[in-house]
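For reference, run_36.tsv (TSV, C-alpha atoms):
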```tsv
chain	number	residue	atom	x	y	z
A	18	MET	CA	0.00	0.00	0.00
A	19	MET	CA	1.32	3.44	-0.93
A	20	ALA	CA	2.29	5.60	2.05
A	21	THR	CA	0.03	8.56	2.79
A	22	LYS	CA	0.95	11.94	4.22
A	23	THR	CA	-1.22	14.28	6.27
A	24	LEU	CA	-0.44	18.00	6.51
A	25	ILE	CA	-1.81	19.64	9.64
A	26	PHE	CA	-2.04	23.41	10.10
A	27	HIS	CA	-2.38	24.42	13.75
A	28	ILE	CA	-3.66	28.02	13.63
A	29	GLY	CA	-3.95	29.05	17.29
A	30	ASP	CA	-5.84	30.92	18.65
A	31	HIS	CA	-3.54	33.12	20.67
A	32	LYS	CA	-3.62	32.32	24.39
A	33	THR	CA	-4.72	28.71	23.92
A	34	GLY	CA	-1.52	26.87	24.77
A	35	SER	CA	0.08	27.25	21.35
A	36	THR	CA	3.53	27.74	22.88
A	37	SER	CA	3.22	24.48	24.84
A	38	ILE	CA	2.24	22.61	21.68
A	39	GLN	CA	5.03	24.18	19.66
A	40	LEU	CA	7.69	23.44	22.26
A	41	ALA	CA	6.59	19.82	22.56
A	42	PHE	CA	7.20	19.25	18.85
A	43	ALA	CA	10.21	21.55	18.45
A	44	GLU	CA	11.95	19.80	21.34
A	45	GLY	CA	11.11	16.37	19.94
A	46	ARG	CA	9.09	15.35	23.00
A	47	VAL	CA	6.26	13.78	21.00
A	48	ALA	CA	6.96	10.34	19.56
A	49	LEU	CA	4.33	8.34	17.71
A	50	ASP	CA	4.85	4.61	18.14
A	51	GLN	CA	4.20	3.57	14.55
A	52	LYS	CA	4.23	6.81	12.53
A	53	THR	CA	6.53	9.80	12.06
A	54	VAL	CA	5.99	13.55	12.37
A	55	PHE	CA	7.93	16.27	10.56
A	56	TYR	CA	7.90	19.67	12.31
A	57	PRO	CA	9.56	22.12	9.87
A	58	ALA	CA	10.30	24.91	12.34
A	59	LYS	CA	12.90	25.58	15.01
A	60	LEU	CA	10.13	26.77	17.30
A	61	THR	CA	7.13	28.27	15.51
A	62	SER	CA	6.05	29.12	11.97
A	63	ASN	CA	4.62	32.54	12.86
A	64	ALA	CA	6.93	34.13	10.28
A	65	LEU	CA	4.63	32.60	7.65
A	66	LYS	CA	1.78	35.01	8.36
A	67	PRO	CA	3.21	37.97	6.35
A	68	PRO	CA	3.89	35.99	3.12
A	69	PHE	CA	0.56	34.16	3.44
A	70	HIS	CA	-1.36	37.41	3.71
A	71	ALA	CA	0.77	39.34	1.21
A	72	TRP	CA	0.57	36.66	-1.50
A	73	ALA	CA	-3.17	36.15	-1.06
A	74	THR	CA	-3.93	39.89	-1.27
A	75	ALA	CA	-1.43	40.78	-4.03
A	76	GLU	CA	-3.04	42.54	-6.99
A	77	THR	CA	-0.40	41.74	-9.59
A	78	GLU	CA	1.63	38.71	-10.58
A	79	ALA	CA	4.83	40.62	-9.80
A	80	GLU	CA	3.63	41.21	-6.24
A	81	ARG	CA	2.70	37.56	-5.83
A	82	GLN	CA	6.11	36.42	-7.04
A	83	LYS	CA	7.75	38.73	-4.53
A	84	HIS	CA	6.12	36.90	-1.63
A	85	ALA	CA	6.16	33.36	-3.05
A	86	PRO	CA	9.71	32.09	-2.27
A	87	GLN	CA	9.16	31.37	1.42
A	88	LEU	CA	5.91	29.54	0.68
A	89	THR	CA	7.43	27.62	-2.21
A	90	ALA	CA	10.38	26.57	-0.04
A	91	LEU	CA	8.11	25.27	2.72
A	92	ALA	CA	5.93	23.41	0.24
A	93	GLN	CA	9.00	21.72	-1.19
A	94	LYS	CA	10.19	20.68	2.27
A	95	ILE	CA	6.82	19.12	2.97
A	96	ARG	CA	6.73	17.44	-0.43
A	97	ASN	CA	10.22	15.98	0.11
A	98	SER	CA	9.47	14.72	3.61
A	99	SER	CA	8.87	11.00	4.02
A	100	ALA	CA	7.03	11.55	7.32
A	101	ASP	CA	3.47	10.35	7.80
A	102	TYR	CA	2.46	13.69	9.30
A	103	VAL	CA	3.70	17.24	8.81
A	104	LEU	CA	2.76	19.85	11.40
A	105	VAL	CA	2.87	23.61	10.76
A	106	SER	CA	1.99	25.58	13.88
A	107	ALA	CA	1.49	29.36	13.98
A	108	GLU	CA	-1.00	31.16	16.21
A	109	GLU	CA	-0.46	34.26	14.06
A	110	PHE	CA	-2.61	32.53	11.43
A	111	GLU	CA	-5.55	33.60	13.61
A	112	GLY	CA	-5.26	37.01	11.97
A	113	ILE	CA	-5.64	35.74	8.39
A	114	PRO	CA	-9.19	35.47	6.99
A	115	ALA	CA	-10.04	31.86	6.20
A	116	PRO	CA	-10.66	32.45	2.45
A	117	LEU	CA	-7.21	34.00	2.04
A	118	PHE	CA	-5.60	31.15	3.95
A	119	LYS	CA	-7.40	28.59	1.78
A	120	LYS	CA	-6.26	30.42	-1.36
A	121	VAL	CA	-2.62	30.02	-0.32
A	122	VAL	CA	-3.09	26.39	0.72
A	123	ASP	CA	-4.72	25.48	-2.57
A	124	HIS	CA	-1.95	27.10	-4.61
A	125	PHE	CA	1.16	26.01	-2.70
A	126	PHE	CA	0.28	23.00	-0.55
A	127	ALA	CA	-2.53	21.07	-2.23
A	128	ASN	CA	-0.12	18.58	-3.84
A	129	THR	CA	2.24	18.24	-0.87
A	130	ALA	CA	0.11	15.74	1.07
A	131	ASN	CA	-2.76	13.31	0.63
A	132	GLU	CA	-4.83	15.07	3.28
A	133	ILE	CA	-4.80	18.59	4.73
A	134	ARG	CA	-6.41	19.40	8.06
A	135	VAL	CA	-6.70	22.54	10.17
A	136	ILE	CA	-6.87	22.52	13.97
A	137	ALA	CA	-7.70	25.49	16.20
A	138	TYR	CA	-8.49	26.11	19.85
A	139	VAL	CA	-10.83	28.75	21.23
A	140	ARG	CA	-10.59	30.22	24.70
A	141	PRO	CA	-13.70	31.49	26.53
A	142	HIS	CA	-14.30	35.19	26.02
A	143	GLY	CA	-13.45	36.48	29.49
A	144	PRO	CA	-10.20	34.57	30.08
A	145	ARG	CA	-9.07	35.41	26.54
A	146	LEU	CA	-9.39	39.15	27.19
A	147	VAL	CA	-7.69	38.98	30.59
A	148	SER	CA	-4.85	36.91	29.16
A	149	SER	CA	-4.51	39.26	26.19
A	150	PHE	CA	-4.15	42.22	28.55
A	151	SER	CA	-1.40	40.44	30.51
A	152	GLU	CA	0.40	39.36	27.35
A	153	ARG	CA	0.39	42.87	25.90
A	154	THR	CA	1.73	44.22	29.17
A	155	LYS	CA	4.46	41.58	29.15
A	156	VAL	CA	5.69	42.49	25.68
A	157	GLY	CA	5.46	46.22	26.27
A	158	LEU	CA	2.58	47.36	24.06
A	159	PRO	CA	1.57	50.95	24.88
A	160	GLN	CA	-2.18	50.25	25.10
A	161	THR	CA	-1.74	48.17	28.26
A	162	LEU	CA	1.11	50.18	29.79
A	163	THR	CA	-1.19	53.20	30.01
A	164	LYS	CA	-4.66	51.64	30.45
A	165	ASN	CA	-6.36	49.45	33.01
A	166	LEU	CA	-8.21	46.22	32.24
A	167	SER	CA	-11.61	47.90	31.84
A	168	GLU	CA	-10.22	50.49	29.42
A	169	PHE	CA	-8.47	47.79	27.42
A	170	VAL	CA	-11.62	45.69	27.18
A	171	ALA	CA	-13.63	48.75	26.12
A	172	LEU	CA	-11.28	49.17	23.16
A	173	ARG	CA	-11.62	45.52	22.22
A	174	LEU	CA	-15.40	45.66	22.38
A	175	LYS	CA	-15.42	48.48	19.84
A	176	ASN	CA	-13.73	46.45	17.11
A	177	LYS	CA	-15.59	43.19	17.89
A	178	ASN	CA	-12.46	41.10	17.38
A	179	SER	CA	-13.42	38.79	20.23
A	180	ASN	CA	-16.56	37.57	18.46
A	181	TYR	CA	-15.84	34.01	17.47
A	182	HIS	CA	-18.77	32.57	15.55
A	183	ALA	CA	-18.40	34.38	12.22
A	184	ARG	CA	-14.65	33.82	12.12
A	185	PHE	CA	-14.71	30.11	12.89
A	186	SER	CA	-17.73	29.55	10.65
A	187	ALA	CA	-15.64	30.90	7.78
A	188	TRP	CA	-12.93	28.33	8.52
A	189	ARG	CA	-15.49	25.53	8.53
A	190	GLN	CA	-16.95	26.81	5.26
A	191	GLU	CA	-13.51	26.69	3.62
A	192	PHE	CA	-12.28	23.38	5.04
A	193	GLY	CA	-15.45	21.50	5.99
A	194	ASP	CA	-14.88	18.44	8.17
A	195	ALA	CA	-11.12	18.94	7.80
A	196	PHE	CA	-11.43	21.87	10.23
A	197	VAL	CA	-11.35	20.87	13.90
A	198	LEU	CA	-12.14	23.36	16.66
A	199	ARG	CA	-11.46	22.50	20.28
A	200	PRO	CA	-12.50	24.41	23.44
A	201	MET	CA	-9.60	25.67	25.53
A	202	ILE	CA	-11.36	24.70	28.76
A	203	HIS	CA	-9.42	22.58	31.21
A	204	SER	CA	-12.26	20.15	31.93
A	205	GLN	CA	-12.77	19.54	28.19
A	206	LEU	CA	-9.13	18.77	27.34
A	207	GLN	CA	-7.78	15.24	27.20
A	208	GLN	CA	-6.22	14.66	30.65
A	209	GLY	CA	-6.59	18.40	31.27
A	210	SER	CA	-3.62	19.08	28.97
A	211	VAL	CA	-3.68	21.06	25.73
A	212	VAL	CA	-0.66	19.16	24.41
A	213	THR	CA	-2.25	15.77	25.10
A	214	ASP	CA	-5.51	17.03	23.63
A	215	PHE	CA	-3.77	18.25	20.50
A	216	ILE	CA	-1.98	14.94	19.98
A	217	HIS	CA	-5.26	13.07	20.45
A	218	HIS	CA	-7.03	15.12	17.75
A	219	ALA	CA	-4.12	15.67	15.37
A	220	PHE	CA	-3.12	11.99	15.29
A	221	PRO	CA	-6.29	10.09	16.21
A	222	ASP	CA	-5.83	6.48	17.32
A	223	GLU	CA	-2.02	6.74	17.07
A	224	PRO	CA	-0.17	5.36	20.12
A	225	TYR	CA	2.40	7.88	21.34
A	226	VAL	CA	4.80	8.87	24.07
A	227	LEU	CA	4.99	12.42	25.43
A	228	HIS	CA	8.22	13.18	27.25
A	229	GLY	CA	8.86	15.98	29.73
A	230	ASP	CA	6.69	18.83	30.98
A	231	ASP	CA	3.91	19.89	28.61
A	232	THR	CA	3.30	23.39	30.04
A	233	ALA	CA	4.90	26.59	28.78
A	234	ASN	CA	4.27	30.32	28.79
A	235	VAL	CA	2.54	30.23	32.18
A	236	SER	CA	0.98	33.61	32.98
A	237	LEU	CA	3.07	35.87	35.16
A	238	ASP	CA	2.08	36.46	38.74
A	239	LEU	CA	0.50	39.94	39.03
A	240	VAL	CA	3.41	41.24	41.11
A	241	ASP	CA	5.99	40.00	38.59
A	242	LEU	CA	3.86	41.46	35.80
A	243	MET	CA	4.05	44.85	37.53
A	244	ARG	CA	7.83	44.52	37.83
A	245	LEU	CA	7.99	43.88	34.11
A	246	LYS	CA	5.64	46.80	33.52
A	247	VAL	CA	8.14	49.15	35.18
A	248	LEU	CA	10.85	47.80	32.90
A	249	GLN	CA	8.75	48.03	29.73
A	250	ARG	CA	7.61	51.58	30.53
A	251	ASN	CA	11.25	52.59	30.60
A	252	LEU	CA	12.00	50.83	27.30
A	253	GLN	CA	9.21	52.32	25.19
A	254	HIS	CA	11.73	54.06	22.96
A	255	LYS	CA	13.18	50.69	21.94
A	256	ASP	CA	12.13	48.58	18.95
A	257	ARG	CA	8.82	46.74	19.39
A	258	LYS	CA	10.29	43.34	18.47
A	259	LEU	CA	13.08	43.85	21.01
A	260	ARG	CA	10.59	44.75	23.77
A	261	HIS	CA	8.62	41.64	22.87
A	262	ARG	CA	11.65	39.39	23.24
A	263	ILE	CA	12.76	41.06	26.47
A	264	GLY	CA	9.33	40.33	27.92
A	265	TRP	CA	9.64	36.69	26.92
A	266	ASP	CA	13.12	36.44	28.41
A	267	PHE	CA	11.95	37.99	31.68
A	268	SER	CA	9.13	35.44	31.86
A	269	ARG	CA	11.52	32.60	31.06
A	270	HIS	CA	13.73	33.52	34.01
A	271	VAL	CA	10.77	33.99	36.37
A	272	ALA	CA	9.53	30.50	35.44
A	273	LYS	CA	12.81	29.03	36.69
A	274	MET	CA	12.43	30.60	40.13
A	275	PRO	CA	10.47	29.05	43.03
A	276	ALA	CA	6.75	29.79	42.78
A	277	ASN	CA	5.44	32.61	44.94
A	278	PRO	CA	3.18	30.99	47.61
A	279	ASN	CA	1.08	34.18	47.63
A	280	ARG	CA	0.76	34.27	43.87
A	281	GLN	CA	-1.89	36.70	42.60
A	282	LYS	CA	-3.65	36.42	39.25
A	283	LEU	CA	-5.18	39.19	37.20
A	284	GLN	CA	-8.95	38.63	37.31
A	285	LEU	CA	-12.17	40.12	36.04
A	286	HIS	CA	-14.22	42.21	38.44
A	287	ARG	CA	-17.96	41.81	38.76
A	288	SER	CA	-19.20	44.72	36.65
A	289	LEU	CA	-16.77	43.93	33.83
A	290	ALA	CA	-17.67	40.24	33.89
A	291	LYS	CA	-21.35	41.16	33.60
A	292	THR	CA	-20.55	43.44	30.66
A	293	LEU	CA	-18.77	40.60	28.91
A	294	GLN	CA	-21.66	38.24	29.61
A	295	ARG	CA	-24.13	40.67	28.02
A	296	THR	CA	-21.82	41.35	25.08
A	297	TYR	CA	-20.83	37.79	24.23
A	298	LEU	CA	-23.69	35.60	25.37
A	299	GLU	CA	-25.21	35.39	21.88
A	300	ASP	CA	-21.82	34.63	20.36
A	301	ALA	CA	-21.11	31.99	23.01
A	302	CYS	CA	-24.47	30.28	22.49
A	303	ALA	CA	-23.97	30.25	18.71
A	304	MET	CA	-20.53	28.70	19.14
A	305	ASP	CA	-21.89	26.03	21.49
A	306	ARG	CA	-24.72	25.24	19.09
A	307	ASP	CA	-22.67	25.01	15.90
A	308	PHE	CA	-19.28	23.77	17.09
A	309	PHE	CA	-19.79	21.90	20.37
A	310	SER	CA	-22.93	19.87	19.66
A	311	GLY	CA	-25.10	22.15	21.74
A	312	ALA	CA	-23.18	21.61	24.98
A	313	PRO	CA	-23.21	25.02	26.74
A	314	LEU	CA	-19.45	25.23	27.13
A	315	LEU	CA	-18.71	28.88	26.32
A	316	GLU	CA	-22.07	29.99	27.71
A	317	LEU	CA	-21.34	28.41	31.08
A	318	GLU	CA	-17.86	29.94	31.11
A	319	LEU	CA	-19.41	33.41	30.75
A	320	ARG	CA	-21.75	32.70	33.66
A	321	ARG	CA	-18.94	31.17	35.70
A	322	ALA	CA	-16.83	34.28	35.10
A	323	VAL	CA	-19.51	36.42	36.74
A	324	ARG	CA	-19.83	34.12	39.74
A	325	GLY	CA	-16.07	33.96	40.24
A	326	ALA	CA	-15.32	37.62	39.61
A	327	ARG	CA	-13.87	39.96	42.20
A	328	LEU	CA	-16.15	42.58	43.67
A	329	ARG	CA	-13.82	45.41	42.71
A	330	ALA	CA	-11.28	45.92	39.95
A	331	GLN	CA	-7.65	45.18	40.69
A	332	SER	CA	-5.12	47.91	40.27
A	333	VAL	CA	-2.64	47.44	37.46
A	334	GLU	CA	-0.29	50.14	38.71
A	335	PRO	CA	3.11	48.93	39.95
A	336	ALA	CA	2.97	51.23	43.00
A	337	THR	CA	0.07	49.17	44.36
A	338	TYR	CA	2.27	46.08	44.67
A	339	LEU	CA	5.84	47.36	44.79
A	340	SER	CA	7.51	49.65	47.27
A	341	ALA	CA	8.84	53.02	46.15
A	342	SER	CA	12.33	51.68	46.79
A	343	GLU	CA	11.81	48.65	44.52
A	344	ILE	CA	10.33	50.80	41.75
A	345	GLN	CA	13.32	53.13	42.00
A	346	SER	CA	15.71	50.17	41.80
A	347	LEU	CA	13.86	48.70	38.80
A	348	THR	CA	13.88	52.08	37.06
A	349	LEU	CA	17.60	52.44	37.68
A	350	MET	CA	18.29	48.97	36.31
A	351	ALA	CA	16.07	49.69	33.30
A	352	SER	CA	18.13	52.81	32.59
A	353	ILE	CA	21.36	50.82	32.70
A	354	PHE	CA	19.79	48.10	30.59
A	355	SER	CA	18.62	50.68	28.06
A	356	ASP	CA	22.14	52.09	27.72
A	357	MET	CA	23.47	48.58	27.16
A	358	LEU	CA	20.90	48.00	24.41
A	359	ASN	CA	22.22	51.09	22.62
A	360	ASN	CA	25.28	49.07	21.64
A	361	GLU	CA	24.55	48.68	17.93
A	362	ALA	CA	27.35	46.15	17.51
A	363	VAL	CA	24.96	43.57	18.96
A	364	ASP	CA	21.67	42.57	17.36
A	365	TRP	CA	19.86	42.33	20.68
A	366	SER	CA	16.58	41.11	19.23
A	367	HIS	CA	18.42	38.21	17.59
A	368	PHE	CA	20.39	37.63	20.81
A	369	PHE	CA	17.28	37.11	22.95
A	370	HIS	CA	15.57	35.01	20.28
A	371	GLN	CA	18.62	32.83	19.86
A	372	LYS	CA	18.65	32.12	23.59
A	373	ARG	CA	15.19	30.59	23.23
A	374	LEU	CA	16.27	28.56	20.21
A	375	ASP	CA	19.36	27.31	22.05
A	376	GLU	CA	17.18	26.05	24.90
A	377	VAL	CA	14.98	24.25	22.39
A	378	ASP	CA	18.02	22.68	20.71
A	379	ASN	CA	19.39	21.51	24.06
A	380	ALA	CA	16.06	19.97	24.99
A	381	ARG	CA	15.73	18.30	21.60
A	382	ALA	CA	19.16	16.73	21.97
A	383	ARG	CA	18.02	15.34	25.30
A	384	TYR	CA	14.58	14.09	24.32
A	385	VAL	CA	15.27	12.76	20.84
A	386	SER	CA	17.77	10.33	22.35
A	387	THR	CA	15.22	9.18	24.93
A	388	PRO	CA	14.44	5.50	24.28
```

As a first step, turn the structure in this file into structure tokens.
Amino acid sequence: MMATKTLIFHIGDHKTGSTSIQLAFAEGRVALDQKTVFYPAKLTSNALKPPFHAWATAETEAERQKHAPQLTALAQKIRNSSADYVLVSAEEFEGIPAPLFKKVVDHFFANTANEIRVIAYVRPHGPRLVSSFSERTKVGLPQTLTKNLSEFVALRLKNKNSNYHARFSAWRQEFGDAFVLRPMIHSQLQQGSVVTDFIHHAFPDEPYVLHGDDTANVSLDLVDLMRLKVLQRNLQHKDRKLRHRIGWDFSRHVAKMPANPNRQKLQLHRSLAKTLQRTYLEDACAMDRDFFSGAPLLELELRRAVRGARLRAQSVEPATYLSASEIQSLTLMASIFSDMLNNEAVDWSHFFHQKRLDEVDNARARYVSTP
């Protein structure tokens, strides 16, 4: 029997454990017993979003050719691979309309595999917004360095980009049964793990071994987030990509330290949770009806968010959690750090990114040799 190949696109969403999934495959911690998986990225394929979008929206053949090489190269890698499965994972694909994505897949990847599937995860509305606020603070985006959670959510509500049903319905329309949507709700995940759940749905009925820890990118404690906020406020004049990678490196080091026994989490407060319930209840019910067989998963999460919300909003100002002396010390260190980053002989963005890749390579060398 001729061997078959399945190409799987994992498209996010953001804040649904994508980093954990990507690390598991980049580090070689997932081993199928009887099949093979090719993961053509050192960590993530998020760099594919710009050429995907640019090629699909190009108005001339010359423009399309300009953005084709990266897509052509990936398609050739997949075509040349003898693996049973090929996995391309990029949560940035969330931002590409499904018809444009399908246009690129049909042109470049249709003949690279016998079957093409798309897998996505969706996080309940409230937790997604809270997590997005924390993430934007971590990577130093101005909108969260100057606004509180309520102000941030108000901006998001204006552009409706947290409505799920229309977006995911478009993916189903383009890919039909080849599109799989999973709820990023702990009780609904296989063994409560997004990595285990992904393996179960990406490679159904395939025996496998998962080595190591399957969690990554754990949200920062609120106090550590405020420490990072002080740093990022003092680095606003630096390149956005550099601030992003500094935030990731800070989080990486925090994760290696002993957990704070008094750890605080950023949470919704009651009035904001009620606002989100009113805003998204129709969207949640439509999602439950059309994607989760009528089980009220996202609806119940909206109601649960109200019941579990704090009575009053938490402060997101560093001075609420840090002493004046600590803020002064962090500001001083940020100033020294900023001067160091002015050394143009070093590509600091590449430096911080390479540190992440080196950790992945070291882990892969360890896990790939695991019997």

CA of Tyr102 (chain A) to CA of Lys372 (chain A), straight-line distance in Å: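 Atom-to-atom, CA of Lys372 (chain A) to CA of Tyr102 (chain A), that is 28.4 Å.
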
Counting all atoms listed in the file, the option among A:His286, A:Arg381, A:His370, A:Lys22 closest to Ala330 (chain A):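 Result for the nearest residue to Ala330 (chain A): A:His286.
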
Atom pair CA of Ser346 (chain A) / CA of Lys255 (chain A): separation (Å):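 These atoms are spaced 20.0 Å apart.
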
Residue contacts of region 48-55 of chain A (8 Å, only C-alpha atoms) excluding same-chain residues fewer than 4 positions away, as a PyMOL selection string: chain A and resi 98+100-104+223-227

Residue nearest Gln160 (chain A) - candidates A:Val105, A:Lys246, A:Phe118, A:Asp230, atoms counted: only C-alpha atoms: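 Closest residue, counting only C-alpha atoms: A:Lys246.
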
Exercise: region 86-89 of chain A partners within 12 Å, all atoms listed in the file, chain neighbours under 6 positions left out, as an MDAnalysis selection string: chainID A and resid 62 64:73 80 95:96 121:129

Within 12 Å of file point (16.1, 27.7, 21.8), counting only C-alpha atoms, expressed as a ChimeraX atom specification: /A:39-40,43-44,58-61,266,269,367-382

Between CA of Leu162 (chain A) and CA of Leu293 (chain A), distance in Å (one decimal):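 Taking CA of Leu162 (chain A) and CA of Leu293 (chain A), their separation equals 22.1 Å.
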
Among the residues A:Ala183, A:Ala322, A:Ala85, A:Met201, the one that comes closest to Lys32 (chain A) [using all atoms listed in the file]: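 Under the stated criterion, the closest residue is A:Met201.
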
Nearest to Tyr181 (chain A), chosen from A:Glu168, A:Glu108, A:Asp307, A:Glu343, with all atoms listed in the file counted in the distances: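 Of A:Glu168, A:Glu108, A:Asp307, A:Glu343, the one nearest Tyr181 (chain A), counting all atoms listed in the file, is A:Asp307.
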
Dig up all the protein and nucleic acid residues within 6 Å of (12.3, 13.9, 19.5) in the file frame, using only C-alpha atoms, and format them as a JSON list (two decimals) with C-alpha atoms, keeping the file's coordinate frame.
```json
[["chain", "number", "residue", "atom", "x", "y", "z"],
["A", 45, "GLY", "CA", 11.11, 16.37, 19.94],
["A", 46, "ARG", "CA", 9.09, 15.35, 23.00],
["A", 381, "ARG", "CA", 15.73, 18.30, 21.60],
["A", 384, "TYR", "CA", 14.58, 14.09, 24.32],
["A", 385, "VAL", "CA", 15.27, 12.76, 20.84]]
```

For Leu248 (chain A), the nearest of the candidates A:Arg140, A:Arg145, A:His182, A:Arg260, counting only C-alpha atoms: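 The answer is A:Arg260, which sits nearest to Leu248 (chain A).
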
Within 10 Å of Leu328 (chain A) using only C-alpha atoms, minus same-chain residues under 2 positions, as a list of chain:residue names: A:Leu285, A:His286, A:Arg287, A:Ser288, A:Leu289, A:Val323, A:Gly325, A:Ala326, A:Ala330, A:Gln331

Among the residues A:Pro159, A:Pro335, A:Pro116, A:Pro313, the one that comes closest to Pro141 (chain A) [using only C-alpha atoms]: A:Pro313

For Phe308 (chain A): contacts at 12 Å, only C-alpha atoms, fewer than 5 positions along chain excluded, given as a list in words: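 Here the qualifying residues turn out to be Ala137, Tyr138, Val139, Tyr181, His182, Ala183, Phe185, Ser186, Trp188, Arg189, Gly193, Asp194, Phe196, Val197, Leu198, Arg199, Pro200, Asp300, Ala301, Cys302, Ala303, Pro313, Leu314 and Leu315 of chain A.
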
Taking all atoms of region 215-229 of chain A that the file lists, what box with edges along x, y and z, padded by 3 Å per side, do you get, with centre and edge lengths in Å to one decimal, as lines of an AutoDock Vina configuration file?
```
center_x = 0.9
center_y = 11.8
center_z = 22.5
size_x = 21.9
size_y = 18.9
size_z = 20.4
```

Please fill the gaps in region 119-133 of chain A so it has N, CA and C atoms, and write that as a PDB file, in the frame of the given file.
```
ATOM      1  N   LYS A 119      -7.076  29.699   2.690  1.00  0.00           N
ATOM      2  CA  LYS A 119      -7.400  28.590   1.780  1.00  0.00           C
ATOM      3  C   LYS A 119      -6.823  28.828   0.395  1.00  0.00           C
ATOM      4  N   LYS A 120      -6.815  30.068  -0.056  1.00  0.00           N
ATOM      5  CA  LYS A 120      -6.260  30.420  -1.360  1.00  0.00           C
ATOM      6  C   LYS A 120      -4.778  30.047  -1.431  1.00  0.00           C
ATOM      7  N   VAL A 121      -4.048  30.352  -0.368  1.00  0.00           N
ATOM      8  CA  VAL A 121      -2.620  30.020  -0.320  1.00  0.00           C
ATOM      9  C   VAL A 121      -2.425  28.508  -0.249  1.00  0.00           C
ATOM     10  N   VAL A 122      -3.210  27.838   0.585  1.00  0.00           N
ATOM     11  CA  VAL A 122      -3.090  26.390   0.720  1.00  0.00           C
ATOM     12  C   VAL A 122      -3.356  25.689  -0.603  1.00  0.00           C
ATOM     13  N   ASP A 123      -4.388  26.111  -1.287  1.00  0.00           N
ATOM     14  CA  ASP A 123      -4.720  25.480  -2.570  1.00  0.00           C
ATOM     15  C   ASP A 123      -3.611  25.664  -3.602  1.00  0.00           C
ATOM     16  N   HIS A 124      -2.969  26.820  -3.587  1.00  0.00           N
ATOM     17  CA  HIS A 124      -1.950  27.100  -4.610  1.00  0.00           C
ATOM     18  C   HIS A 124      -0.620  26.422  -4.294  1.00  0.00           C
ATOM     19  N   PHE A 125      -0.195  26.480  -3.037  1.00  0.00           N
ATOM     20  CA  PHE A 125       1.160  26.010  -2.700  1.00  0.00           C
ATOM     21  C   PHE A 125       1.197  24.610  -2.091  1.00  0.00           C
ATOM     22  N   PHE A 126       0.166  24.206  -1.374  1.00  0.00           N
ATOM     23  CA  PHE A 126       0.280  23.000  -0.550  1.00  0.00           C
ATOM     24  C   PHE A 126      -0.655  21.865  -0.938  1.00  0.00           C
ATOM     25  N   ALA A 127      -1.540  22.093  -1.892  1.00  0.00           N
ATOM     26  CA  ALA A 127      -2.530  21.070  -2.230  1.00  0.00           C
ATOM     27  C   ALA A 127      -1.895  19.752  -2.660  1.00  0.00           C
ATOM     28  N   ASN A 128      -0.752  19.809  -3.339  1.00  0.00           N
ATOM     29  CA  ASN A 128      -0.120  18.580  -3.840  1.00  0.00           C
ATOM     30  C   ASN A 128       1.055  18.129  -2.977  1.00  0.00           C
ATOM     31  N   THR A 129       1.140  18.647  -1.748  1.00  0.00           N
ATOM     32  CA  THR A 129       2.240  18.240  -0.870  1.00  0.00           C
ATOM     33  C   THR A 129       1.864  17.068   0.023  1.00  0.00           C
ATOM     34  N   ALA A 130       0.569  16.797   0.169  1.00  0.00           N
ATOM     35  CA  ALA A 130       0.110  15.740   1.070  1.00  0.00           C
ATOM     36  C   ALA A 130      -1.200  15.157   0.558  1.00  0.00           C
ATOM     37  N   ASN A 131      -1.513  13.965   1.031  1.00  0.00           N
ATOM     38  CA  ASN A 131      -2.760  13.310   0.630  1.00  0.00           C
ATOM     39  C   ASN A 131      -3.975  13.926   1.311  1.00  0.00           C
ATOM     40  N   GLU A 132      -3.748  14.474   2.499  1.00  0.00           N
ATOM     41  CA  GLU A 132      -4.830  15.070   3.280  1.00  0.00           C
ATOM     42  C   GLU A 132      -4.311  16.317   3.972  1.00  0.00           C
ATOM     43  N   ILE A 133      -5.151  17.355   4.025  1.00  0.00           N
ATOM     44  CA  ILE A 133      -4.800  18.590   4.730  1.00  0.00           C
ATOM     45  C   ILE A 133      -5.889  18.873   5.748  1.00  0.00           C
TER      46      ILE A 133
END
```
